[in-house]
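Novice: Sharing data.cif (mmCIF, C-alpha atoms) below.
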```cif
data_upload
loop_
_atom_site.label_atom_id
_atom_site.label_comp_id
_atom_site.auth_asym_id
_atom_site.auth_seq_id
_atom_site.Cartn_x
_atom_site.Cartn_y
_atom_site.Cartn_z
CA MET A 1 0.00 0.00 0.00
CA LYS A 2 1.46 3.32 -1.10
CA LYS A 3 -1.48 5.69 -1.50
CA ILE A 4 -4.65 5.00 0.46
CA LEU A 5 -8.03 6.73 0.05
CA VAL A 6 -10.44 6.49 3.01
CA THR A 7 -14.12 7.40 2.66
CA GLY A 8 -16.18 8.22 5.75
CA ALA A 9 -12.93 9.30 7.37
CA LEU A 10 -14.57 11.39 10.10
CA GLY A 11 -16.71 8.52 11.39
CA GLN A 12 -16.07 6.35 14.43
CA ILE A 13 -13.73 3.94 12.60
CA GLY A 14 -12.27 6.34 10.06
CA SER A 15 -11.15 8.93 12.61
CA GLU A 16 -8.85 6.42 14.27
CA LEU A 17 -7.89 4.41 11.20
CA VAL A 18 -6.68 7.46 9.25
CA MET A 19 -4.44 8.61 12.11
CA ARG A 20 -2.97 5.13 12.59
CA MET A 21 -2.36 4.67 8.85
CA ARG A 22 -0.65 8.04 8.62
CA GLU A 23 1.69 6.93 11.38
CA LEU A 24 2.48 3.72 9.49
CA TYR A 25 2.54 4.86 5.86
CA GLY A 26 3.24 8.60 6.01
CA ARG A 27 0.91 11.55 6.44
CA ASP A 28 0.82 12.42 2.72
CA ASN A 29 -0.01 8.85 1.67
CA VAL A 30 -3.42 8.58 3.38
CA ILE A 31 -6.12 10.71 1.78
CA ALA A 32 -9.11 11.25 4.06
CA THR A 33 -12.53 12.10 2.61
CA ASP A 34 -15.93 12.91 4.09
CA LEU A 35 -19.07 14.93 3.41
CA ARG A 36 -17.99 17.72 5.74
CA LYS A 37 -14.71 19.46 6.53
CA PRO A 38 -14.70 20.65 10.14
CA ASP A 39 -12.08 23.07 11.43
CA ASN A 40 -9.48 21.94 13.96
CA ASN A 41 -10.06 18.25 13.36
CA SER A 42 -6.91 16.13 13.47
CA VAL A 43 -7.98 14.02 10.47
CA VAL A 44 -8.36 17.21 8.42
CA THR A 45 -5.24 18.96 9.63
CA SER A 46 -2.75 16.07 9.77
CA GLY A 47 -2.74 15.16 6.06
CA PRO A 48 -4.56 15.35 2.72
CA PHE A 49 -8.34 15.82 3.00
CA GLU A 50 -11.00 16.06 0.31
CA THR A 51 -14.73 16.73 0.63
CA LEU A 52 -16.62 13.84 -0.99
CA ASP A 53 -20.20 12.64 -1.36
CA VAL A 54 -19.78 8.91 -2.01
CA THR A 55 -22.94 8.82 -4.13
CA ASP A 56 -21.09 11.03 -6.65
CA TYR A 57 -19.04 8.57 -8.71
CA GLN A 58 -17.27 11.15 -10.87
CA SER A 59 -16.04 13.08 -7.84
CA MET A 60 -14.75 9.90 -6.22
CA LEU A 61 -12.95 8.87 -9.38
CA ARG A 62 -11.47 12.35 -9.84
CA ILE A 63 -10.09 12.42 -6.29
CA ALA A 64 -8.73 8.87 -6.59
CA LYS A 65 -6.94 9.71 -9.85
CA LYS A 66 -5.64 13.02 -8.51
CA HIS A 67 -3.90 11.28 -5.63
CA GLU A 68 -2.87 8.19 -7.66
CA ILE A 69 -4.25 5.78 -5.06
CA ASP A 70 -3.60 2.05 -5.02
CA THR A 71 -5.80 1.17 -2.02
CA LEU A 72 -9.39 2.21 -1.27
CA VAL A 73 -10.91 1.82 2.21
CA HIS A 74 -14.66 2.44 1.97
CA LEU A 75 -16.22 3.24 5.36
CA ALA A 76 -18.96 5.75 4.52
CA ALA A 77 -22.38 4.35 5.55
CA LEU A 78 -25.49 4.92 7.63
CA LEU A 79 -25.49 2.66 10.71
CA SER A 80 -28.18 0.25 11.90
CA ALA A 81 -30.62 2.39 13.91
CA THR A 82 -30.33 5.37 11.55
CA ALA A 83 -30.75 3.08 8.53
CA GLU A 84 -33.92 1.60 10.00
CA ALA A 85 -35.37 5.07 10.48
CA LYS A 86 -34.44 6.11 6.92
CA PRO A 87 -34.34 2.89 4.86
CA LEU A 88 -34.42 4.40 1.36
CA LEU A 89 -31.69 6.90 2.22
CA ALA A 90 -29.67 4.03 3.70
CA TRP A 91 -29.99 1.98 0.52
CA ASN A 92 -28.94 4.92 -1.65
CA ILE A 93 -25.92 5.79 0.49
CA ASN A 94 -24.81 2.35 1.61
CA MET A 95 -25.28 0.54 -1.68
CA GLY A 96 -24.83 3.44 -4.09
CA GLY A 97 -21.63 4.48 -2.35
CA LEU A 98 -20.32 0.92 -2.32
CA VAL A 99 -20.93 0.40 -6.04
CA ASN A 100 -19.14 3.66 -6.81
CA ALA A 101 -16.18 2.71 -4.62
CA LEU A 102 -15.93 -0.74 -6.22
CA GLU A 103 -16.07 0.81 -9.69
CA VAL A 104 -13.20 3.15 -8.79
CA ALA A 105 -11.23 0.19 -7.45
CA ARG A 106 -11.93 -1.77 -10.63
CA GLU A 107 -10.92 1.05 -12.95
CA LEU A 108 -7.75 1.95 -11.04
CA LYS A 109 -6.88 -1.64 -10.06
CA CYS A 110 -6.90 -0.84 -6.33
CA LYS A 111 -6.82 -3.09 -3.31
CA PHE A 112 -10.21 -2.65 -1.65
CA PHE A 113 -11.57 -2.91 1.90
CA THR A 114 -15.07 -2.35 3.20
CA PRO A 115 -16.53 -3.62 6.48
CA SER A 116 -19.53 -5.88 6.83
CA SER A 117 -21.19 -6.36 10.19
CA ILE A 118 -22.78 -8.64 12.74
CA GLY A 119 -25.93 -7.01 11.35
CA SER A 120 -25.63 -9.17 8.23
CA PHE A 121 -27.09 -12.04 10.27
CA GLY A 122 -30.73 -12.46 11.24
CA PRO A 123 -33.11 -14.30 13.60
CA SER A 124 -32.62 -17.64 11.84
CA THR A 125 -28.82 -17.51 12.16
CA PRO A 126 -27.31 -19.72 14.92
CA LYS A 127 -27.00 -17.44 17.95
CA ASP A 128 -23.95 -18.85 19.71
CA ASN A 129 -20.52 -19.27 18.13
CA THR A 130 -22.07 -18.21 14.80
CA PRO A 131 -20.19 -20.02 11.98
CA GLN A 132 -18.28 -18.21 9.28
CA ASP A 133 -20.53 -19.72 6.61
CA THR A 134 -24.15 -19.83 7.75
CA ILE A 135 -27.65 -18.64 6.89
CA GLN A 136 -27.97 -14.86 6.51
CA ARG A 137 -31.53 -13.52 6.45
CA PRO A 138 -31.37 -10.12 8.20
CA THR A 139 -34.61 -8.29 9.00
CA THR A 140 -33.20 -4.74 8.90
CA MET A 141 -32.27 -2.46 6.01
CA TYR A 142 -28.75 -2.18 7.42
CA GLY A 143 -28.45 -5.97 7.46
CA VAL A 144 -29.80 -6.23 3.91
CA ASN A 145 -27.21 -3.65 2.84
CA LYS A 146 -24.41 -5.63 4.49
CA VAL A 147 -25.36 -8.99 2.96
CA SER A 148 -25.74 -7.31 -0.43
CA GLY A 149 -22.35 -5.68 0.06
CA GLU A 150 -20.67 -8.98 0.86
CA LEU A 151 -22.10 -10.52 -2.30
CA LEU A 152 -21.23 -7.48 -4.40
CA CYS A 153 -17.61 -7.54 -3.24
CA ASN A 154 -17.46 -11.25 -4.08
CA TYR A 155 -18.84 -10.45 -7.53
CA TYR A 156 -16.27 -7.74 -8.21
CA HIS A 157 -13.50 -10.13 -7.16
CA THR A 158 -14.62 -13.08 -9.28
CA LYS A 159 -15.87 -11.03 -12.26
CA PHE A 160 -13.28 -8.26 -12.46
CA GLY A 161 -10.41 -9.49 -10.29
CA VAL A 162 -10.66 -6.67 -7.74
CA ASP A 163 -8.67 -7.53 -4.60
CA THR A 164 -11.62 -7.09 -2.23
CA ARG A 165 -11.32 -7.72 1.52
CA GLY A 166 -13.60 -7.23 4.51
CA VAL A 167 -14.61 -8.26 8.02
CA ARG A 168 -17.89 -8.61 9.87
CA PHE A 169 -17.44 -6.17 12.72
CA PRO A 170 -19.24 -6.63 16.03
CA GLY A 171 -20.22 -3.53 18.03
CA LEU A 172 -17.25 -1.17 18.26
CA ILE A 173 -16.29 0.78 21.37
CA SER A 174 -14.07 3.86 21.35
CA TYR A 175 -13.09 6.64 23.75
CA LYS A 176 -12.03 8.97 20.92
CA VAL A 177 -15.12 9.41 18.74
CA LEU A 178 -18.77 8.96 19.63
CA PRO A 179 -20.74 6.42 17.56
CA GLY A 180 -23.45 7.58 15.19
CA GLY A 181 -26.71 5.66 15.28
CA GLY A 182 -25.78 2.05 15.95
CA THR A 183 -27.58 -0.56 18.03
CA THR A 184 -24.48 -1.18 20.15
CA ASP A 185 -23.98 2.53 21.01
CA TYR A 186 -25.02 1.87 24.61
CA ALA A 187 -21.68 0.16 25.23
CA VAL A 188 -19.96 3.51 24.58
CA ASP A 189 -22.56 5.75 26.22
CA ILE A 190 -22.43 3.80 29.48
CA TYR A 191 -18.80 4.76 30.15
CA TYR A 192 -19.42 8.46 29.49
CA GLU A 193 -22.46 8.54 31.77
CA ALA A 194 -20.68 6.56 34.49
CA LEU A 195 -18.08 9.31 34.73
CA LYS A 196 -20.50 12.21 34.24
CA THR A 197 -23.41 11.15 36.49
CA GLY A 198 -22.55 7.83 38.13
CA LYS A 199 -25.55 6.15 36.52
CA TYR A 200 -26.85 5.03 33.13
CA THR A 201 -30.22 4.14 31.62
CA SER A 202 -29.73 1.45 28.97
CA PHE A 203 -31.87 1.33 25.84
CA ILE A 204 -30.87 -2.36 25.45
CA ASP A 205 -32.56 -4.79 27.83
CA LYS A 206 -30.96 -6.82 30.60
CA GLY A 207 -29.58 -10.16 29.47
CA THR A 208 -29.09 -9.08 25.83
CA LYS A 209 -25.67 -10.31 24.79
CA MET A 210 -23.91 -8.94 21.72
CA ASP A 211 -20.41 -9.32 20.32
CA MET A 212 -18.22 -6.28 20.90
CA MET A 213 -14.69 -5.10 20.13
CA TYR A 214 -12.48 -2.31 21.40
CA MET A 215 -11.43 0.07 18.64
CA PRO A 216 -7.65 -0.61 18.82
CA ASP A 217 -8.36 -4.24 17.92
CA ALA A 218 -10.65 -3.17 15.07
CA ILE A 219 -8.03 -0.84 13.61
CA ASN A 220 -5.36 -3.52 13.81
CA ALA A 221 -7.72 -5.99 12.12
CA ILE A 222 -8.24 -3.70 9.11
CA ILE A 223 -4.54 -3.04 8.65
CA ASN A 224 -3.52 -6.66 9.17
CA LEU A 225 -6.11 -7.91 6.68
CA LEU A 226 -5.04 -5.36 4.08
CA GLU A 227 -1.43 -6.47 4.51
CA ALA A 228 -2.23 -10.21 4.50
CA ASP A 229 -1.08 -12.60 1.79
CA GLU A 230 -3.91 -12.64 -0.76
CA SER A 231 -3.29 -16.27 -1.66
CA LYS A 232 -4.30 -17.36 1.86
CA LEU A 233 -7.65 -15.53 1.91
CA LYS A 234 -10.57 -17.88 1.28
CA HIS A 235 -13.28 -15.83 3.00
CA ARG A 236 -11.92 -12.54 1.74
CA ASN A 237 -14.97 -10.26 2.06
CA ALA A 238 -16.70 -11.21 5.27
CA PHE A 239 -14.45 -12.61 7.99
CA ASN A 240 -16.16 -13.06 11.35
CA ILE A 241 -14.08 -11.26 13.96
CA ALA A 242 -14.96 -10.77 17.62
CA ALA A 243 -13.27 -10.09 20.93
CA MET A 244 -15.91 -10.30 23.68
CA SER A 245 -19.62 -10.90 24.16
CA PHE A 246 -21.51 -9.21 27.00
CA SER A 247 -24.82 -7.81 28.22
CA PRO A 248 -25.44 -4.34 29.75
CA GLU A 249 -25.35 -5.67 33.30
CA GLU A 250 -21.96 -7.31 32.68
CA VAL A 251 -20.51 -3.95 31.59
CA ALA A 252 -22.01 -2.37 34.69
CA SER A 253 -20.42 -5.03 36.86
CA GLU A 254 -16.98 -4.20 35.46
CA ILE A 255 -17.55 -0.47 35.90
CA LYS A 256 -18.53 -1.05 39.54
CA LYS A 257 -15.09 -2.52 40.19
CA HIS A 258 -13.77 1.00 39.56
CA MET A 259 -16.86 2.99 40.63
CA PRO A 260 -18.74 0.98 43.31
CA LYS A 261 -21.67 3.42 43.45
CA PHE A 262 -22.45 3.19 39.72
CA GLU A 263 -26.13 2.45 38.99
CA LEU A 264 -27.68 0.85 35.91
CA SER A 265 -31.34 1.08 34.94
CA TYR A 266 -33.31 0.29 31.79
CA LYS A 267 -35.63 2.09 29.38
CA VAL A 268 -35.73 -0.20 26.39
CA ASP A 269 -35.90 1.25 22.88
CA PRO A 270 -38.10 -1.25 20.96
CA VAL A 271 -36.48 -0.51 17.59
CA ARG A 272 -32.90 -1.08 18.72
CA GLN A 273 -33.92 -3.97 20.98
CA ASN A 274 -35.57 -5.76 18.04
CA ILE A 275 -32.41 -5.25 16.01
CA ALA A 276 -30.26 -6.62 18.85
CA ASN A 277 -32.55 -9.63 19.24
CA SER A 278 -32.00 -10.53 15.59
CA TRP A 279 -28.20 -10.62 15.95
CA PRO A 280 -25.93 -13.41 17.25
CA ASN A 281 -24.67 -13.57 20.80
CA SER A 282 -21.17 -14.49 19.63
CA MET A 283 -19.32 -15.14 16.36
CA ASP A 284 -16.73 -17.80 15.54
CA SER A 285 -13.52 -16.06 14.39
CA THR A 286 -11.59 -19.23 13.52
CA CYS A 287 -11.29 -18.52 9.79
CA ALA A 288 -9.88 -15.03 10.41
CA LYS A 289 -7.36 -16.50 12.85
CA ASN A 290 -6.30 -19.24 10.46
CA GLU A 291 -6.20 -17.24 7.21
CA TRP A 292 -4.54 -13.99 8.34
CA GLY A 293 -3.72 -14.30 12.04
CA PHE A 294 -6.50 -12.24 13.59
CA LYS A 295 -6.14 -11.84 17.35
CA ALA A 296 -7.92 -9.50 19.77
CA GLU A 297 -5.93 -8.05 22.66
CA TYR A 298 -8.76 -6.57 24.75
CA ASP A 299 -11.38 -8.33 26.85
CA LEU A 300 -14.14 -6.58 28.83
CA ALA A 301 -12.05 -6.02 31.97
CA LYS A 302 -9.03 -4.63 30.12
CA MET A 303 -11.20 -2.44 27.90
CA THR A 304 -13.17 -1.05 30.86
CA THR A 305 -10.00 -0.03 32.67
CA ASP A 306 -8.66 1.67 29.56
CA MET A 307 -11.96 3.39 28.67
CA LEU A 308 -12.36 4.91 32.13
CA GLU A 309 -8.72 6.01 32.26
CA LYS A 310 -8.75 7.56 28.78
CA LEU A 311 -12.11 9.31 29.21
CA SER A 312 -11.04 10.69 32.58
CA ALA A 313 -7.85 12.02 30.97
CA LYS A 314 -10.05 13.80 28.40
CA GLY A 315 -11.87 15.54 31.24
CA ILE A 316 -15.10 13.53 30.98
CA GLY A 317 -16.83 13.74 34.35
CA ALA A 318 -14.36 16.27 35.73
#
```
Is it possible to give me this structure as structure tokens?

Specialist:
Amino acid sequence: MKKILVTGALGQIGSELVMRMRELYGRDNVIATDLRKPDNNSVVTSGPFETLDVTDYQSMLRIAKKHEIDTLVHLAALLSATAEAKPLLAWNINMGGLVNALEVARELKCKFFTPSSIGSFGPSTPKDNTPQDTIQRPTTMYGVNKVSGELLCNYYHTKFGVDTRGVRFPGLISYKVLPGGGTTDYAVDIYYEALKTGKYTSFIDKGTKMDMMYMPDAINAIINLLEADESKLKHRNAFNIAAMSFSPEEVASEIKKHMPKFELSYKVDPVRQNIANSWPNSMDSTCAKNEWGFKAEYDLAKMTTDMLEKLSAKGIGA
């Protein structure tokens, strides 16, 4: 990888991925793009940045050619809860943007990465230790987008030879950037509210387990997969990867080890609860481990300690 274009670079994943890639590959070799260009944002100020609407193919192609990219990381998308509220907009952005990005990769012969999600599974998928290859019948627009995206990336690889790669992310947790409309957002919110108020009201019900991952592991997974030997990748576009599976009360229990007076209550959001109920409790990451050496470093206890320390250092709750 010499020149890397990242769409959705100001999102939860992109904000951290761009900064890490600039450390590894050089600040001028990672071109960040997003719909907006905020002032005093490290992604904008630390290297090349272009304003881009991913539904505009010609603009994407122009920017890619201008910077002579050889790798395209496509992150721009509406997340699960937002997509369910605006399904037609989600289809146009999530699928229209993906097709445009794949077309740019095809034309310029780029290596290509886009994430799939735990949301690509549905109620009929095995809940525990979900296999790499299994039934996928999601009941949300976001899930439909992700299954379609997996298939589309497979098509562009087999039909046009595009070097497509991807993972199925679980819920992602970060202290740096707030999430934007996902079903697993509670697992970020709970740490902020613990420090600010000492209590949290969860919109996900007690006993609801979902796979989660701390952002440093997610960033490493993207980079390691992009650098992996292509000849070893059998499940190239949709590797299951996961680090931990927990329910709201299990997070609260870990927080109480640091903040004994922390209180958890519930006010369930039916929309996001229904989405969570349709997802697996845990995914089997064996194929990712065997084909490109995936390994997560953080479990719930280690992540909780780090989240509380890092958020406190940012002045959250001070």

Novice: Counting all atoms listed in the file, figure out which residue out of A:Lys196, A:Lys289, A:Arg272, A:Lys302 gets nearest to Tyr214 in chain A.

Specialist: A:Lys302

Novice: Can you give me, as a PDB file with C-alpha atoms, in the frame of the given file, the residues this file yields under the PyMOL selection byres ((chain A and resi 232) around 12)?

Specialist:
```pdb
ATOM      1  CA  ARG A 165     -11.320  -7.720   1.520  1.00  0.00           C
ATOM      2  CA  LEU A 225      -6.110  -7.910   6.680  1.00  0.00           C
ATOM      3  CA  GLU A 227      -1.430  -6.470   4.510  1.00  0.00           C
ATOM      4  CA  ALA A 228      -2.230 -10.210   4.500  1.00  0.00           C
ATOM      5  CA  ASP A 229      -1.080 -12.600   1.790  1.00  0.00           C
ATOM      6  CA  GLU A 230      -3.910 -12.640  -0.760  1.00  0.00           C
ATOM      7  CA  SER A 231      -3.290 -16.270  -1.660  1.00  0.00           C
ATOM      8  CA  LEU A 233      -7.650 -15.530   1.910  1.00  0.00           C
ATOM      9  CA  LYS A 234     -10.570 -17.880   1.280  1.00  0.00           C
ATOM     10  CA  HIS A 235     -13.280 -15.830   3.000  1.00  0.00           C
ATOM     11  CA  ARG A 236     -11.920 -12.540   1.740  1.00  0.00           C
ATOM     12  CA  CYS A 287     -11.290 -18.520   9.790  1.00  0.00           C
ATOM     13  CA  ALA A 288      -9.880 -15.030  10.410  1.00  0.00           C
ATOM     14  CA  LYS A 289      -7.360 -16.500  12.850  1.00  0.00           C
ATOM     15  CA  ASN A 290      -6.300 -19.240  10.460  1.00  0.00           C
ATOM     16  CA  GLU A 291      -6.200 -17.240   7.210  1.00  0.00           C
ATOM     17  CA  TRP A 292      -4.540 -13.990   8.340  1.00  0.00           C
ATOM     18  CA  GLY A 293      -3.720 -14.300  12.040  1.00  0.00           C
TER      19      GLY A 293
END
```

Novice: Using all atoms listed in the file, which of the listed residues (A:Glu107, A:Glu150, A:Asp56, A:Glu250) sits closest to Ile190 in chain A?

Specialist: A:Glu250

Novice: Given the choices A:Val6, A:Ile118, A:Ala296, A:Ile223, which gets closest to Thr184 in chain A if the distance is worked out from only C-alpha atoms?

Specialist: A:Ile118

Novice: Care to translate the PyMOL selection byres ((chain A and resi 17) around 12) into actual residues of this file, as a PyMOL selection string?

Specialist: chain A and resi 4-16+18-25+30-32+42-43+73-75+174+176-177+215-223

Novice: Which of these, A:Met95, A:Ala194, A:Leu108, A:Leu79, has the shortest distance to His67 in chain A once you count all atoms listed in the file?

Specialist: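 Result for the nearest residue to His67 in chain A: A:Leu108.
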
Novice: I'd like the neighbourhood of Ser265 in chain A as a list of chain:residue names, where a residue qualifies if any of its atoms comes within 10 Å (using only C-alpha atoms), though same-chain residues fewer than 5 positions away should be ignored.

Specialist: A:Lys199, A:Tyr200, A:Thr201, A:Ser202, A:Phe203, A:Asp205, A:Lys206, A:Pro248, A:Glu249, A:Ala252

Novice: Evaluate the PyMOL selection byres ((chain A and resi 188) around 8) here and jot the selected residues down as a VMD selection string.

Specialist: chain A and resid 173 to 175 178 to 179 184 to 187 189 to 192

Novice: In Å, rounded to a single decimal, give me how far CA of Met303 in chain A is from CA of Phe169 in chain A.

Specialist: 16.8 Å

Novice: List the neighbours of Phe160 in chain A out to 10 Å using all atoms listed in the file; skip same-chain residues closer than 2 positions along the sequence, and give me the result as a PyMOL selection string.

Specialist: chain A and resi 103+106-107+109+154-158+162-163

Novice: Which residues, written as a ChimeraX atom specification, have at least one atom at most 12 Å from Pro126 in chain A, with all atoms listed in the file counted and residues fewer than 4 positions away on the same chain left out?

Specialist: /A:121-122,130-137,278-284

Novice: Grab the residues selected above and save them as a PDB file, in the coordinates of the input with C-alpha atoms.

Specialist:
```pdb
ATOM      1  CA  PHE A 121     -27.090 -12.040  10.270  1.00  0.00           C
ATOM      2  CA  GLY A 122     -30.730 -12.460  11.240  1.00  0.00           C
ATOM      3  CA  THR A 130     -22.070 -18.210  14.800  1.00  0.00           C
ATOM      4  CA  PRO A 131     -20.190 -20.020  11.980  1.00  0.00           C
ATOM      5  CA  GLN A 132     -18.280 -18.210   9.280  1.00  0.00           C
ATOM      6  CA  ASP A 133     -20.530 -19.720   6.610  1.00  0.00           C
ATOM      7  CA  THR A 134     -24.150 -19.830   7.750  1.00  0.00           C
ATOM      8  CA  ILE A 135     -27.650 -18.640   6.890  1.00  0.00           C
ATOM      9  CA  GLN A 136     -27.970 -14.860   6.510  1.00  0.00           C
ATOM     10  CA  ARG A 137     -31.530 -13.520   6.450  1.00  0.00           C
ATOM     11  CA  SER A 278     -32.000 -10.530  15.590  1.00  0.00           C
ATOM     12  CA  TRP A 279     -28.200 -10.620  15.950  1.00  0.00           C
ATOM     13  CA  PRO A 280     -25.930 -13.410  17.250  1.00  0.00           C
ATOM     14  CA  ASN A 281     -24.670 -13.570  20.800  1.00  0.00           C
ATOM     15  CA  SER A 282     -21.170 -14.490  19.630  1.00  0.00           C
ATOM     16  CA  MET A 283     -19.320 -15.140  16.360  1.00  0.00           C
ATOM     17  CA  ASP A 284     -16.730 -17.800  15.540  1.00  0.00           C
TER      18      ASP A 284
END
```

Novice: Return the single residue from A:Asp53, A:Asp128, A:Asp70, A:Asp306 that is closest to Asn94 in chain A, with distances computed using all atoms listed in the file.

Specialist: A:Asp53

Novice: Taking all atoms listed in the file into account, name the residue in A:Lys295, A:Lys3, A:Lys146, A:Lys256 that is nearest to Ala77 in chain A.

Specialist: A:Lys146

Novice: Can you work out the spacing between CA of Pro38 in chain A and CA of Ala76 in chain A in Å, to one decimal?

Specialist: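 Taking CA of Pro38 in chain A as the start and CA of Ala76 in chain A as the end point, the length is 16.5 Å.
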